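Notes to accompany the following structure.
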Amino acid sequence: MLWLALRLPLLPLEIFTRGAAMSGPLAAVTSSATNAEIVVCNQEARRHGIAAGMSVAAAQALASSLRIFARDVTAERAALERVAAWSLQFTPTISIATSTEVLLEVAGSLSLFGGLNRLWTDVEQKAIAMGYTTFIAGAPTPLAAQLFARAGLSPRIRHYDALRLSLEQLPASVLELSVTSRNVLQDIGIRTLGECLKLPRDGLARRTGKELLDQLDRALGHIPDPRPAFTPPENFKAALPLPAPVARAEVLLFASRRLITELCGLLAATGKGVQRLEFSLSHEDGDDTRFALDLMAASRDPAHLTNVLRERLARLALPSPAIVMTLQSGMLLPLASSSLSFLPDDREQAASFVQLVERLRARLGHNSVQGFDTLADHRPECAWSTGEPGWESVTPMKWPPSARPLWLLDPPRPLLEIVEIPQYEGPLTLMTRPECIESGWWDGNDVRREYFVACNPAQSLLWIYRESRKNGGWYLHGFFS
Amino acid sequence: MQSLDAVLNHPAIWRGNDCARVAIPSIPTGFPELDAALPGGGWPAAVLTEIYAERPGIGELQLLMPAAARLTRAGHWIMLIAPPHIPYAPAFVAHGLRLPRLVLVRTSNAEESFWACEQALRYQGCGAVLAWIDRAPERALKRLQLAAEAGSAAALLFRSARVIPASPAALRLHIGRLQNRTVVRVLKRRGSDLAAPIVLDLTSSPATPTDARRTNHDVCLLETAP
């Protein structure tokens, strides 16, 4: 067994600040009341002398530029669950340990990810992409990994022998103990876990109760330490508060990248992809701005999703500055992972074509990029239709009865007539016998026309028709380009 | 004299009156006369080509049909960006194209058209990108040329022939019509200049009105008029 403890020490603060690149002293506080206390603060705030447990008034006296955020425990829990779902991409065994710690059992994943060092870097970098500060510690028991992470250490201990030696160095304060037990340890002058372990067990049990010995035994692996497994959610929904109101849509890309990283982690873990992403932006006043990305094929490639989103955001107009961004996935669809290959194969090429179409659609609009096909109808304007690019009709029609132009005009252009001769940049010469098309009485768009190929003095070849119904008249319907 | 010939036959010597025979990856146009006039023996891939048609209806699109049919049959994509009219599917089928490989892109302004072209050109699976953009600043053309070089598609830009400004495109053709034939003049190509315009009889290709081959004396005039 090899457990990685992923600790997010600044989670209460970072759920508010990760939506933008922020600097300056920042802190999360217990509530919005005046007697609130600091829960966590960033490095900059610590440099000013601010620490957890301090009152807000005292902290503001130390750093006048301090920005405070009232803690939101529900949002923290939701964020931690998304981190847990995201970490499923590394291993199927995930457990949420405390309000800021997630445990990953990775012994079975090492060879897949190319060894512990590479897996470690991968976890670290992807966590940064989500916008979280993390401490990672690896140990053979889950509790030991947690203790190391709490102490701010990041050892990679693979064996029990090394575990005991390293654990002995840790301060006793990393244990979760009641106030009385803590006081007992302080009174008898115990500062490290090593000193605890040297004490006689029965005496220690009498003074501090079972909790201390229990924790030590579990950390050392002497007694079993089962952890509840985390089950991933059915779909993805996440809200990201923007630390400062955002008026320009392009700026939102930074925030959305955080959410897309989380989403893609979950998708990779569950072997799924998304075809629809729904974004919603809340404003201080007025209705939410909503937009959706519709993809041609399910995807879980963060780079591709970000590219499509970038084009979409470029043509998004915000009525007023946005304060919260919400991302909700459509249905999660099964998506097979692709195997590694030396040569670019057909499937890869098809995938990149899909990406091209999606990028074009994100900017130009969904209906601006289409494929087209023939339809079995005698009326020229009904003999074709648009559809999805790459789409092939089931029954290819038999064509052509006679010549058809490469360009069709919609609507047909009326032609001037001089002495019953149609004109288009000069009088037209008819070059074929009439082709009568009379059809469509069943759907109300019936036509009765006589088509000709015509040539004008400048020798353009045109496709024209004479209306055979009531008013008659000549029309230009296409060019033989 | 013997020695001069020997010198001139040396591969490092290039004679100005030859068309540059460079190994440019190209797609045969399907018209041998035209192939002979183009540096790589066809529509050059990964290069920007400009086509100036005198007016619509003179065979400017038909010129591309044999190459397009070949590309779509080989599984390459062809993008039609901002076409002026509806590309009429039945006629494309008649020319032998596989319709599922054609993609129609509509844009609302030239800037979007250029952007779409660039995206399509950089994608490796495209065989040809056909775009209809009339007003093209030189900077945008330069960008297209660079995008074309990055990919492997033939970039064909159709422009109106009212004015023919300077352009960084590597190949520029002017298409006109004379005595029922399509006349292609090479305005610019890599290699030497071409003096004689190429005259093509496009009416012999499929899906053109077969009756159009008639000469003027047996054209049926408006005898069917009411």
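Every chain in the structure tokens takes a letter, A first, then B, and so on in the order presented; its residues are numbered from 1, and the ligands are numbered from 1 following the presented order.
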Using only C-alpha atoms, tabulate the residues of segment 189-297 of chain A lying at most 8 Å from any atom of segment 123-133 of chain A, each with its closest atom pair and that distance in Å to one decimal, by chain and increasing residue number, as CSV.
```
residue,atom,partner,partner_atom,distance
A:Arg257,CA,A:Met130,CA,7.7
A:Arg258,CA,A:Met130,CA,4.5
A:Leu259,CA,A:Met130,CA,7.0
A:Thr261,CA,A:Met130,CA,6.0
A:Glu262,CA,A:Met130,CA,6.5
```
How about saving the chosen residues, C-alpha atoms kept, as a PDB file, in the first residue's frame?
```
ATOM      1  CA  ARG A 257      -9.688  26.792 -17.183  1.00  0.00           C
ATOM      2  CA  ARG A 258      -9.799  25.931 -13.471  1.00  0.00           C
ATOM      3  CA  LEU A 259     -13.206  24.356 -13.859  1.00  0.00           C
ATOM      4  CA  THR A 261      -9.269  20.975 -15.349  1.00  0.00           C
ATOM      5  CA  GLU A 262     -11.528  19.623 -12.598  1.00  0.00           C
TER       6      GLU A 262
END
```
Write out as a VMD selection string all residues of segment 2-204 of chain B that DSSP puts in strand (DSSP E or B) for this structure's backbone. chain B and resid 26 to 27 43 to 44 48 to 53 77 to 81 86 to 87 102 to 105 126 to 132 154 to 160 171 to 178 181 to 188 198 to 200
Pull the closest atom pair for each residue of chain A that gets at most 6 Å from chain B, along with the distance in Å to one decimal, counting only C-alpha atoms, ordering rows by chain and then ascending residue number, as JSON lines.
```
{"residue": "A:Ser368", "atom": "CA", "partner": "B:Arg106", "partner_atom": "CA", "distance": 4.9}
{"residue": "A:Val369", "atom": "CA", "partner": "B:Val105", "partner_atom": "CA", "distance": 4.5}
{"residue": "A:Gln370", "atom": "CA", "partner": "B:Leu104", "partner_atom": "CA", "distance": 5.1}
{"residue": "A:Gly371", "atom": "CA", "partner": "B:Val103", "partner_atom": "CA", "distance": 4.7}
{"residue": "A:Asp373", "atom": "CA", "partner": "B:Ala89", "partner_atom": "CA", "distance": 5.9}
{"residue": "A:Thr374", "atom": "CA", "partner": "B:Ala89", "partner_atom": "CA", "distance": 5.6}
{"residue": "A:Trp384", "atom": "CA", "partner": "B:Ala89", "partner_atom": "CA", "distance": 5.8}
{"residue": "A:Pro389", "atom": "CA", "partner": "B:Val103", "partner_atom": "CA", "distance": 5.8}
{"residue": "A:Gly390", "atom": "CA", "partner": "B:Pro100", "partner_atom": "CA", "distance": 4.5}
{"residue": "A:Trp391", "atom": "CA", "partner": "B:Pro100", "partner_atom": "CA", "distance": 5.5}
{"residue": "A:Glu392", "atom": "CA", "partner": "B:Pro100", "partner_atom": "CA", "distance": 5.4}
{"residue": "A:Ala403", "atom": "CA", "partner": "B:Pro209", "partner_atom": "CA", "distance": 5.1}
{"residue": "A:Arg404", "atom": "CA", "partner": "B:Ala91", "partner_atom": "CA", "distance": 5.2}
{"residue": "A:Pro405", "atom": "CA", "partner": "B:Ala91", "partner_atom": "CA", "distance": 5.9}
{"residue": "A:Leu406", "atom": "CA", "partner": "B:Tyr88", "partner_atom": "CA", "distance": 5.1}
{"residue": "A:Trp407", "atom": "CA", "partner": "B:Pro87", "partner_atom": "CA", "distance": 5.0}
{"residue": "A:Leu408", "atom": "CA", "partner": "B:Ile86", "partner_atom": "CA", "distance": 5.0}
{"residue": "A:Leu409", "atom": "CA", "partner": "B:His85", "partner_atom": "CA", "distance": 5.8}
{"residue": "A:Leu430", "atom": "CA", "partner": "B:Leu221", "partner_atom": "CA", "distance": 5.9}
{"residue": "A:Met431", "atom": "CA", "partner": "B:Val219", "partner_atom": "CA", "distance": 5.5}
{"residue": "A:Thr432", "atom": "CA", "partner": "B:Asp211", "partner_atom": "CA", "distance": 5.7}
{"residue": "A:Ser460", "atom": "CA", "partner": "B:Gly57", "partner_atom": "CA", "distance": 4.5}
{"residue": "A:Leu461", "atom": "CA", "partner": "B:Gly57", "partner_atom": "CA", "distance": 4.9}
{"residue": "A:Phe479", "atom": "CA", "partner": "B:Gly57", "partner_atom": "CA", "distance": 4.8}
{"residue": "A:Phe480", "atom": "CA", "partner": "B:Gly57", "partner_atom": "CA", "distance": 4.9}
{"residue": "A:Ser481", "atom": "CA", "partner": "B:Gly57", "partner_atom": "CA", "distance": 4.0}
```
File dump, residues just selected, N, CA and C atoms, as a PDB file, in the first residue's frame:
```pdb
ATOM      1  N   SER A 368     -23.316  27.818 -39.015  1.00  0.00           N
ATOM      2  CA  SER A 368     -22.457  28.375 -40.059  1.00  0.00           C
ATOM      3  C   SER A 368     -21.508  27.346 -40.651  1.00  0.00           C
ATOM      4  N   VAL A 369     -21.381  26.209 -40.006  1.00  0.00           N
ATOM      5  CA  VAL A 369     -20.479  25.183 -40.519  1.00  0.00           C
ATOM      6  C   VAL A 369     -21.303  23.922 -40.778  1.00  0.00           C
ATOM      7  N   GLN A 370     -21.456  23.583 -42.031  1.00  0.00           N
ATOM      8  CA  GLN A 370     -22.322  22.468 -42.363  1.00  0.00           C
ATOM      9  C   GLN A 370     -21.797  21.665 -43.535  1.00  0.00           C
ATOM     10  N   GLY A 371     -22.249  20.426 -43.589  1.00  0.00           N
ATOM     11  CA  GLY A 371     -22.015  19.619 -44.767  1.00  0.00           C
ATOM     12  C   GLY A 371     -23.265  19.702 -45.625  1.00  0.00           C
ATOM     13  N   ASP A 373     -25.775  17.706 -48.922  1.00  0.00           N
ATOM     14  CA  ASP A 373     -26.049  16.454 -49.614  1.00  0.00           C
ATOM     15  C   ASP A 373     -27.190  16.661 -50.602  1.00  0.00           C
ATOM     16  N   THR A 374     -27.378  15.677 -51.454  1.00  0.00           N
ATOM     17  CA  THR A 374     -28.470  15.771 -52.420  1.00  0.00           C
ATOM     18  C   THR A 374     -29.727  15.152 -51.838  1.00  0.00           C
ATOM     19  N   TRP A 384     -31.331  19.621 -52.602  1.00  0.00           N
ATOM     20  CA  TRP A 384     -30.135  19.562 -51.754  1.00  0.00           C
ATOM     21  C   TRP A 384     -30.520  19.953 -50.339  1.00  0.00           C
ATOM     22  N   PRO A 389     -21.354  18.059 -40.934  1.00  0.00           N
ATOM     23  CA  PRO A 389     -20.217  17.768 -41.808  1.00  0.00           C
ATOM     24  C   PRO A 389     -19.845  16.289 -41.734  1.00  0.00           C
ATOM     25  N   GLY A 390     -19.560  15.706 -42.858  1.00  0.00           N
ATOM     26  CA  GLY A 390     -19.169  14.302 -42.886  1.00  0.00           C
ATOM     27  C   GLY A 390     -20.348  13.353 -42.939  1.00  0.00           C
ATOM     28  N   TRP A 391     -21.543  13.916 -42.929  1.00  0.00           N
ATOM     29  CA  TRP A 391     -22.754  13.115 -42.884  1.00  0.00           C
ATOM     30  C   TRP A 391     -23.073  12.601 -44.284  1.00  0.00           C
ATOM     31  N   GLU A 392     -23.454  11.360 -44.387  1.00  0.00           N
ATOM     32  CA  GLU A 392     -23.679  10.745 -45.687  1.00  0.00           C
ATOM     33  C   GLU A 392     -25.103  10.228 -45.753  1.00  0.00           C
ATOM     34  N   ALA A 403     -28.177  18.754 -67.221  1.00  0.00           N
ATOM     35  CA  ALA A 403     -27.148  19.613 -66.650  1.00  0.00           C
ATOM     36  C   ALA A 403     -27.651  20.417 -65.455  1.00  0.00           C
ATOM     37  N   ARG A 404     -26.805  20.514 -64.447  1.00  0.00           N
ATOM     38  CA  ARG A 404     -27.117  21.351 -63.283  1.00  0.00           C
ATOM     39  C   ARG A 404     -25.934  22.290 -63.052  1.00  0.00           C
ATOM     40  N   PRO A 405     -26.213  23.529 -62.641  1.00  0.00           N
ATOM     41  CA  PRO A 405     -25.123  24.495 -62.456  1.00  0.00           C
ATOM     42  C   PRO A 405     -24.411  24.287 -61.120  1.00  0.00           C
ATOM     43  N   LEU A 406     -23.176  24.726 -61.016  1.00  0.00           N
ATOM     44  CA  LEU A 406     -22.431  24.586 -59.763  1.00  0.00           C
ATOM     45  C   LEU A 406     -22.884  25.610 -58.722  1.00  0.00           C
ATOM     46  N   TRP A 407     -23.315  26.768 -59.193  1.00  0.00           N
ATOM     47  CA  TRP A 407     -23.861  27.771 -58.255  1.00  0.00           C
ATOM     48  C   TRP A 407     -25.361  27.858 -58.431  1.00  0.00           C
ATOM     49  N   LEU A 408     -26.083  27.871 -57.337  1.00  0.00           N
ATOM     50  CA  LEU A 408     -27.517  28.066 -57.389  1.00  0.00           C
ATOM     51  C   LEU A 408     -27.825  29.392 -56.686  1.00  0.00           C
ATOM     52  N   LEU A 409     -28.736  30.163 -57.269  1.00  0.00           N
ATOM     53  CA  LEU A 409     -29.091  31.436 -56.634  1.00  0.00           C
ATOM     54  C   LEU A 409     -30.330  31.232 -55.779  1.00  0.00           C
ATOM     55  N   LEU A 430     -30.611  31.220 -75.875  1.00  0.00           N
ATOM     56  CA  LEU A 430     -30.910  29.924 -75.263  1.00  0.00           C
ATOM     57  C   LEU A 430     -30.121  28.849 -75.987  1.00  0.00           C
ATOM     58  N   MET A 431     -29.523  27.926 -75.242  1.00  0.00           N
ATOM     59  CA  MET A 431     -28.638  26.956 -75.859  1.00  0.00           C
ATOM     60  C   MET A 431     -29.176  25.539 -75.782  1.00  0.00           C
ATOM     61  N   THR A 432     -30.271  25.345 -75.049  1.00  0.00           N
ATOM     62  CA  THR A 432     -30.821  23.985 -74.953  1.00  0.00           C
ATOM     63  C   THR A 432     -32.321  24.037 -75.202  1.00  0.00           C
ATOM     64  N   SER A 460     -21.009  34.197 -70.414  1.00  0.00           N
ATOM     65  CA  SER A 460     -21.261  33.499 -69.154  1.00  0.00           C
ATOM     66  C   SER A 460     -22.345  32.471 -69.431  1.00  0.00           C
ATOM     67  N   LEU A 461     -22.203  31.286 -68.854  1.00  0.00           N
ATOM     68  CA  LEU A 461     -23.245  30.275 -69.018  1.00  0.00           C
ATOM     69  C   LEU A 461     -24.182  30.339 -67.826  1.00  0.00           C
ATOM     70  N   PHE A 479     -25.410  29.637 -62.059  1.00  0.00           N
ATOM     71  CA  PHE A 479     -24.280  29.883 -62.962  1.00  0.00           C
ATOM     72  C   PHE A 479     -23.560  28.567 -63.226  1.00  0.00           C
ATOM     73  N   PHE A 480     -23.241  28.325 -64.475  1.00  0.00           N
ATOM     74  CA  PHE A 480     -22.388  27.166 -64.794  1.00  0.00           C
ATOM     75  C   PHE A 480     -20.938  27.611 -64.643  1.00  0.00           C
ATOM     76  N   SER A 481     -20.507  27.739 -63.410  1.00  0.00           N
ATOM     77  CA  SER A 481     -19.182  28.308 -63.183  1.00  0.00           C
ATOM     78  C   SER A 481     -18.084  27.323 -63.518  1.00  0.00           C
TER      79      SER A 481
END
```
Write out as a PyMOL selection string all residues of segment 28-187 of chain B that backbone DSSP assigns to helix (DSSP H, G or I). chain B and resi 32-37+62-73+89-94+99-101+110-122+138-150
Let me make sure I understand: among B:Leu144, B:Ala153, B:Ala37, B:Ala136, which one has the smallest atom-to-atom distance to Pro197 of chain B if we use only C-alpha atoms? B:Ala37
Give me the residues near segment 241-243 of chain A as a VMD selection string, where near means some atom within 8 Å (using only C-alpha atoms) and where sequence neighbours in that chain fewer than 6 positions away do not count. chain A and resid 15 to 20 255 322 to 325
Selection near Glu250 of chain A, 7 Å with only C-alpha atoms, sequence-local residues under 3 positions removed, as a list in words: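 Once the adjacent positions are removed, what remains is Leu253, Leu313 and Ala314 of chain A.
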Output of the above residues as an mmCIF file, in the first residue's frame, restricted to C-alpha atoms:
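Below you can see selection28.cif, which holds the result:
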```cif
data_model
loop_
_atom_site.group_PDB
_atom_site.id
_atom_site.type_symbol
_atom_site.label_atom_id
_atom_site.label_comp_id
_atom_site.auth_asym_id
_atom_site.auth_seq_id
_atom_site.Cartn_x
_atom_site.Cartn_y
_atom_site.Cartn_z
ATOM 1 C CA LEU A 253 -10.984 32.090 -19.727
ATOM 2 C CA LEU A 313 -15.980 33.759 -25.146
ATOM 3 C CA ALA A 314 -14.594 36.067 -27.839
#
```
